[in-house]
Amino acid sequence: MSKHQKHSLNRRQFLKSAALLAGAGSIPGLSWASTGISGNNKLAVIILRGAMDGLSAVIPYGDPLLAGYRGALIPEDSSLLKLDNYFALHPAFTESFKLQQSGELGIVHAVASAYRERSHFDGQNVLESGLDIAMPNPSGWLNRALQLQTQQQAMALGQAVPLILRGEASVGSWSPPTLPAMNGDTLSRLQKLYDMDSFLGPRLLEALNAREIVGTDMDSEASLTGFPALVDAAASFLNAVNGPNIVVLENDGWDTHANQGTEQGTLPRKFAELDASLAQLKLGLGSTWQNTVVVVMTEFGRTVRVNGSLGTDHGTASVAFLAGGSVSKFSSGSAVTGPWPGLGESSLRDGRDLQPTNDLRQLMAEVLHSHMAYDAQLLREVVFPGLSTTGFQRG
């Protein structure tokens with residue numbers, strides 16, 4: 001038995017390690033549907049690059065201080081998708097609101113990685129490495145997780161394998177073709193040509209298998225493009241027999257320094273795109289949705305105050321979404337889970353940012369433990385080294 005195989009959880013190990021994670025910095029209110037833990041459970045990670053404005057995505061409309069900070073960015077009260085008497089989803093999140101109402105969307109606000117500066121490059125480095133600081137050429141935390149459970153497979157969907165999946169564990173990758181599709185005869189000839197090549201042969205086979213799973217004729221005018229194409233592929237891969245049970249997608253364009261918009265504009269369009277992608281993924285997954293958790297996260301948040309260009313600048317805490325049939329309604333009874341720092345001047349970080357009170361690493365550790373059967377202690381020691389057993393209440 002290999003050292004990685006020894007780390008695979010059996011039922012007794014899971015029950016024993018559950019106590020280690022419970023109360024060890026866990027985010028209050030987070031709970032899971034009782035679908036059990038099995039090899040059929042799926043995970044999709046969506047990285048929003050550019051720093052999503054969490055205060056516009058999930059609006060603390062019930063705080064009387066909000067209008068003074070960013071009145072120019074708050075939609076009309078009548079258009080807000082109110083979750084309770086304090087928080088509301090932006091009007092663009094119509095499908096997400098339905099998911100939340102049916103217990104299939106969880107929201108963690110005031111959440112951040114360990115990063116506390118304002119560089120996109122370094123912020124994404126820390127987000128994807130799972131470490132405390134930005135480091136040159138680190139491995140990704142999801143790749144380190146894959147090294148612990150070798151029976152799990154992951155696929156990167158996009159033009160390159162992101163840092164979160166880089167490391168010693170082998171992962172697949174797929175991106176929509178930019179050239180016309182090859183016909184069957186050409187592919188058959190290529191297979192014969194590379195059949196005996198120990199390096200190119202397996203890689204060609206892997207590419208052909210991915211092509212077969214996605215099953216899209218890229219010559220067709222009906223083919224999806226852009227991010228919807230990646231979402232469509234994600235559903236195909238997660239549904240495939242013997243396909244990957246983990247996929248990672250990236251979505252750019254969240255750096256809204258100017259003309260951010262309220263109900264129309266750059267950010268509302270991005271919200272609508274994200275909202276549609278979650279609905280598209282649920283539809284594409286079909287029954288697999290019940291065994292799936294979708295995590296949506298970003299490298300950091302944006303300033304509480306609107307800037308002179310009717311946008312927001314780089315901040316600290318943002319919001320994370322959990323979607324899927326395996327996400328239950330929060331046991332706390334609150335629509336938005338985790339400690340909330342408030343918007344009082346003394347509560348802001350550096351007098352300008354939403355204070356982080358929830359640890360994004362802890363959130364991902366809980367997802368990996370509760371949904372994907374990872375050992376709690378190994379998550380703290382290997383996947384997220386240095387993860388506090390108490391979490392952080394202030395950043």
# chains A, B, ... in the order shown; residues from 1 in each chain; ligands from 1

call {"tool": "residues_around", "arguments": {"residues": "A:Leu81", "least_positions_apart": "4", "cutoff": "8 Å", "atoms": "only C-alpha atoms", "output": "compact mmCIF listing (two decimals) with all heavy atoms, in the first residue's frame"}}
result
# COMPACT_ATOMS: atom_id res chain seq x y z
N ALA A 88 -29.30 41.25 1.10
CA ALA A 88 -30.04 41.00 -0.14
C ALA A 88 -29.05 40.66 -1.25
O ALA A 88 -27.93 41.19 -1.29
CB ALA A 88 -30.86 42.22 -0.54
N LEU A 89 -29.46 39.80 -2.15
CA LEU A 89 -28.68 39.56 -3.35
C LEU A 89 -28.92 40.69 -4.34
O LEU A 89 -30.01 41.30 -4.38
CB LEU A 89 -29.10 38.23 -4.01
CG LEU A 89 -28.57 36.94 -3.38
CD1 LEU A 89 -29.25 35.74 -4.03
CD2 LEU A 89 -27.05 36.84 -3.52
N HIS A 90 -27.91 40.99 -5.15
CA HIS A 90 -28.06 41.97 -6.22
C HIS A 90 -29.17 41.49 -7.16
O HIS A 90 -29.35 40.28 -7.38
CB HIS A 90 -26.74 42.11 -6.98
CG HIS A 90 -26.76 43.19 -8.00
ND1 HIS A 90 -27.28 43.01 -9.27
CD2 HIS A 90 -26.31 44.48 -7.97
CE1 HIS A 90 -27.16 44.13 -9.96
NE2 HIS A 90 -26.58 45.03 -9.20
N PRO A 91 -29.94 42.40 -7.76
CA PRO A 91 -31.04 42.02 -8.64
C PRO A 91 -30.66 41.10 -9.80
O PRO A 91 -31.53 40.40 -10.34
CB PRO A 91 -31.57 43.36 -9.16
CG PRO A 91 -31.19 44.35 -8.11
CD PRO A 91 -29.88 43.87 -7.56
N PHE A 93 -28.97 38.44 -9.65
CA PHE A 93 -28.85 37.05 -9.21
C PHE A 93 -30.22 36.37 -9.08
O PHE A 93 -30.52 35.75 -8.05
CB PHE A 93 -28.09 36.98 -7.88
CG PHE A 93 -26.62 37.20 -8.00
CD1 PHE A 93 -26.04 38.36 -7.51
CD2 PHE A 93 -25.80 36.24 -8.58
CE1 PHE A 93 -24.66 38.57 -7.60
CE2 PHE A 93 -24.43 36.43 -8.68
CZ PHE A 93 -23.86 37.60 -8.20
N THR A 94 -31.03 36.44 -10.11
CA THR A 94 -32.37 35.89 -10.01
C THR A 94 -32.37 34.37 -9.84
O THR A 94 -33.14 33.83 -9.04
CB THR A 94 -33.19 36.26 -11.26
OG1 THR A 94 -32.47 35.85 -12.44
CG2 THR A 94 -33.43 37.77 -11.32
N PHE A 97 -30.98 33.40 -6.43
CA PHE A 97 -31.97 33.61 -5.37
C PHE A 97 -32.89 32.39 -5.26
O PHE A 97 -33.23 31.96 -4.15
CB PHE A 97 -32.77 34.87 -5.68
CG PHE A 97 -33.78 35.22 -4.62
CD1 PHE A 97 -33.37 35.67 -3.37
CD2 PHE A 97 -35.14 35.11 -4.87
CE1 PHE A 97 -34.29 35.99 -2.38
CE2 PHE A 97 -36.08 35.44 -3.90
CZ PHE A 97 -35.65 35.88 -2.65

call {"tool": "residues_around", "arguments": {"residues": "stretch 134-149 of chain A", "least_positions_apart": "4", "cutoff": "9 Å", "atoms": "only C-alpha atoms", "output": "number ranges by chain"}}
result
A: 3-9, 115, 121-130, 153-154, 162-171, 368, 374, 378-379, 382-384

call {"tool": "residues_around", "arguments": {"residues": "A:Leu310", "least_positions_apart": "5", "cutoff": "9 Å", "atoms": "only C-alpha atoms", "output": "ChimeraX atom specification"}}
result
/A:72-73,257-261

call {"tool": "closest_residue", "arguments": {"among": "A:Gly344, A:Pro339, A:Gly311, A:Gly301", "to": "A:Ala51", "atoms": "only C-alpha atoms"}}
result
A:Gly301

call {"tool": "select_by_dssp", "arguments": {"residues": "stretch 42-115 of chain A", "states": "strand (DSSP E)", "output": "list in words"}}
result
Lys42, Leu43, Ala44, Val45, Ile46, Ile47, Leu48, Val58, Ile59, Leu81, Lys82, Ala88, Leu89, Leu105, Gly106, Ile107, Val108, His109, Ala110, Val111 and Ala112 of chain A

call {"tool": "write_last_selection", "arguments": {"atoms": "N, CA and C atoms", "output": "short mmCIF file (atom, residue, chain, number, x, y, z; two decimals), in the first residue's frame"}}
result
data_model
loop_
_atom_site.label_atom_id
_atom_site.label_comp_id
_atom_site.auth_asym_id
_atom_site.auth_seq_id
_atom_site.Cartn_x
_atom_site.Cartn_y
_atom_site.Cartn_z
N LYS A 42 -19.08 15.26 -6.19
CA LYS A 42 -18.39 16.10 -7.18
C LYS A 42 -18.12 17.49 -6.60
N LEU A 43 -17.07 18.11 -7.11
CA LEU A 43 -16.69 19.46 -6.67
C LEU A 43 -16.32 20.29 -7.89
N ALA A 44 -16.92 21.47 -7.99
CA ALA A 44 -16.55 22.44 -9.03
C ALA A 44 -16.09 23.71 -8.34
N VAL A 45 -14.92 24.21 -8.73
CA VAL A 45 -14.37 25.44 -8.16
C VAL A 45 -14.34 26.49 -9.26
N ILE A 46 -14.99 27.62 -9.01
CA ILE A 46 -14.99 28.74 -9.96
C ILE A 46 -14.21 29.89 -9.33
N ILE A 47 -13.12 30.28 -9.98
CA ILE A 47 -12.29 31.38 -9.50
C ILE A 47 -12.64 32.64 -10.29
N LEU A 48 -13.08 33.68 -9.56
CA LEU A 48 -13.41 34.96 -10.17
C LEU A 48 -12.17 35.86 -10.08
N VAL A 58 -23.73 40.70 -2.42
CA VAL A 58 -24.62 40.42 -1.29
C VAL A 58 -24.64 41.69 -0.45
N ILE A 59 -25.69 42.46 -0.58
CA ILE A 59 -25.76 43.84 -0.09
C ILE A 59 -26.32 43.89 1.32
N LEU A 81 -33.14 41.49 -4.04
CA LEU A 81 -33.61 40.13 -3.76
C LEU A 81 -33.29 39.85 -2.29
N LYS A 82 -34.23 40.20 -1.43
CA LYS A 82 -33.96 40.23 0.01
C LYS A 82 -33.94 38.83 0.60
N ALA A 88 -29.30 41.25 1.10
CA ALA A 88 -30.04 41.00 -0.14
C ALA A 88 -29.05 40.66 -1.25
N LEU A 89 -29.46 39.80 -2.15
CA LEU A 89 -28.68 39.56 -3.35
C LEU A 89 -28.92 40.69 -4.34
N LEU A 105 -28.06 27.13 -2.17
CA LEU A 105 -27.03 28.17 -2.25
C LEU A 105 -26.70 28.64 -0.85
N GLY A 106 -25.44 28.57 -0.50
CA GLY A 106 -24.95 29.11 0.76
C GLY A 106 -24.08 30.32 0.51
N ILE A 107 -24.10 31.26 1.42
CA ILE A 107 -23.36 32.51 1.27
C ILE A 107 -22.50 32.73 2.50
N VAL A 108 -21.21 32.92 2.29
CA VAL A 108 -20.30 33.27 3.38
C VAL A 108 -19.74 34.66 3.09
N HIS A 109 -20.08 35.61 3.92
CA HIS A 109 -19.66 37.01 3.70
C HIS A 109 -18.45 37.31 4.57
N ALA A 110 -17.84 38.47 4.29
CA ALA A 110 -16.66 38.92 5.04
C ALA A 110 -15.61 37.82 5.09
N VAL A 111 -15.36 37.20 3.94
CA VAL A 111 -14.43 36.07 3.86
C VAL A 111 -13.19 36.48 3.07
N ALA A 112 -12.06 35.92 3.43
CA ALA A 112 -10.81 36.25 2.75
C ALA A 112 -9.80 35.13 2.92
#

call {"tool": "residues_around", "arguments": {"residues": "A:Leu363", "least_positions_apart": "3", "cutoff": "9 Å", "atoms": "only C-alpha atoms", "output": "list in words"}}
result
Ser26, Ile27, Leu30, Val108, Val111, Asn358, Asp359, Leu360, Glu366, Val367 and Leu368 of chain A

call {"tool": "closest_residue", "arguments": {"among": "A:Ser119, A:Leu267, A:Leu283, A:Ala114", "to": "A:Leu131", "atoms": "only C-alpha atoms"}}
result
A:Ala114

call {"tool": "closest_residue", "arguments": {"among": "A:Asn251, A:Thr288, A:Ser78, A:Asn40", "to": "A:Gln159", "atoms": "only C-alpha atoms"}}
result
A:Asn251

call {"tool": "select_by_dssp", "arguments": {"residues": "stretch 65-202 of chain A", "states": "helix (DSSP H, G or I)", "output": "NGL selection string"}}
result
:A and (66-73 or 77-79 or 94-101 or 120-129 or 141-148 or 163-165 or 184-194 or 200-202)

call {"tool": "closest_residue", "arguments": {"among": "A:Leu285, A:Val304, A:Leu274, A:Val336", "to": "A:Glu95", "atoms": "only C-alpha atoms"}}
result
A:Leu274

call {"tool": "closest_residue", "arguments": {"among": "A:Gly351, A:Pro228, A:Pro244, A:Pro75", "to": "A:Gln151", "atoms": "only C-alpha atoms"}}
result
A:Pro244

call {"tool": "residues_around", "arguments": {"residues": "A:Pro60", "least_positions_apart": "4", "cutoff": "8 Å", "atoms": "only C-alpha atoms", "output": "CSV table (one decimal) with N, CA, C and O atoms, in the first residue's frame"}}
result
chain,number,residue,atom,x,y,z
A,55,LEU,N,-19.7,43.4,-1.5
A,55,LEU,CA,-20.7,44.3,-0.9
A,55,LEU,C,-21.8,44.6,-1.9
A,55,LEU,O,-22.9,45.1,-1.6
A,66,LEU,N,-24.6,52.1,5.1
A,66,LEU,CA,-24.2,51.7,3.8
A,66,LEU,C,-24.4,52.8,2.8
A,66,LEU,O,-23.5,53.0,1.9
A,86,TYR,N,-31.7,42.2,6.6
A,86,TYR,CA,-30.4,42.8,6.6
A,86,TYR,C,-29.6,42.6,5.2
A,86,TYR,O,-29.0,43.6,4.7
A,87,PHE,N,-29.6,41.4,4.7
A,87,PHE,CA,-28.9,41.1,3.5
A,87,PHE,C,-29.8,40.9,2.3
A,87,PHE,O,-30.9,40.4,2.4
A,88,ALA,N,-29.3,41.3,1.1
A,88,ALA,CA,-30.0,41.0,-0.1
A,88,ALA,C,-29.0,40.7,-1.2
A,88,ALA,O,-27.9,41.2,-1.3

call {"tool": "closest_residue", "arguments": {"among": "A:Val327, A:Ala235, A:Ala57, A:Leu348", "to": "A:Thr303", "atoms": "only C-alpha atoms"}}
result
A:Leu348

call {"tool": "atom_distance", "arguments": {"atom1": "atom CA of A:Trp174", "atom2": "atom CA of A:Met155"}}
result
7.3 Å

call {"tool": "atom_distance", "arguments": {"atom1": "atom CA of A:Ser102", "atom2": "atom CA of A:His371"}}
result
19.2 Å

call {"tool": "atom_distance", "arguments": {"atom1": "atom CA of A:Ala323", "atom2": "atom CA of A:Val295"}}
result
6.6 Å
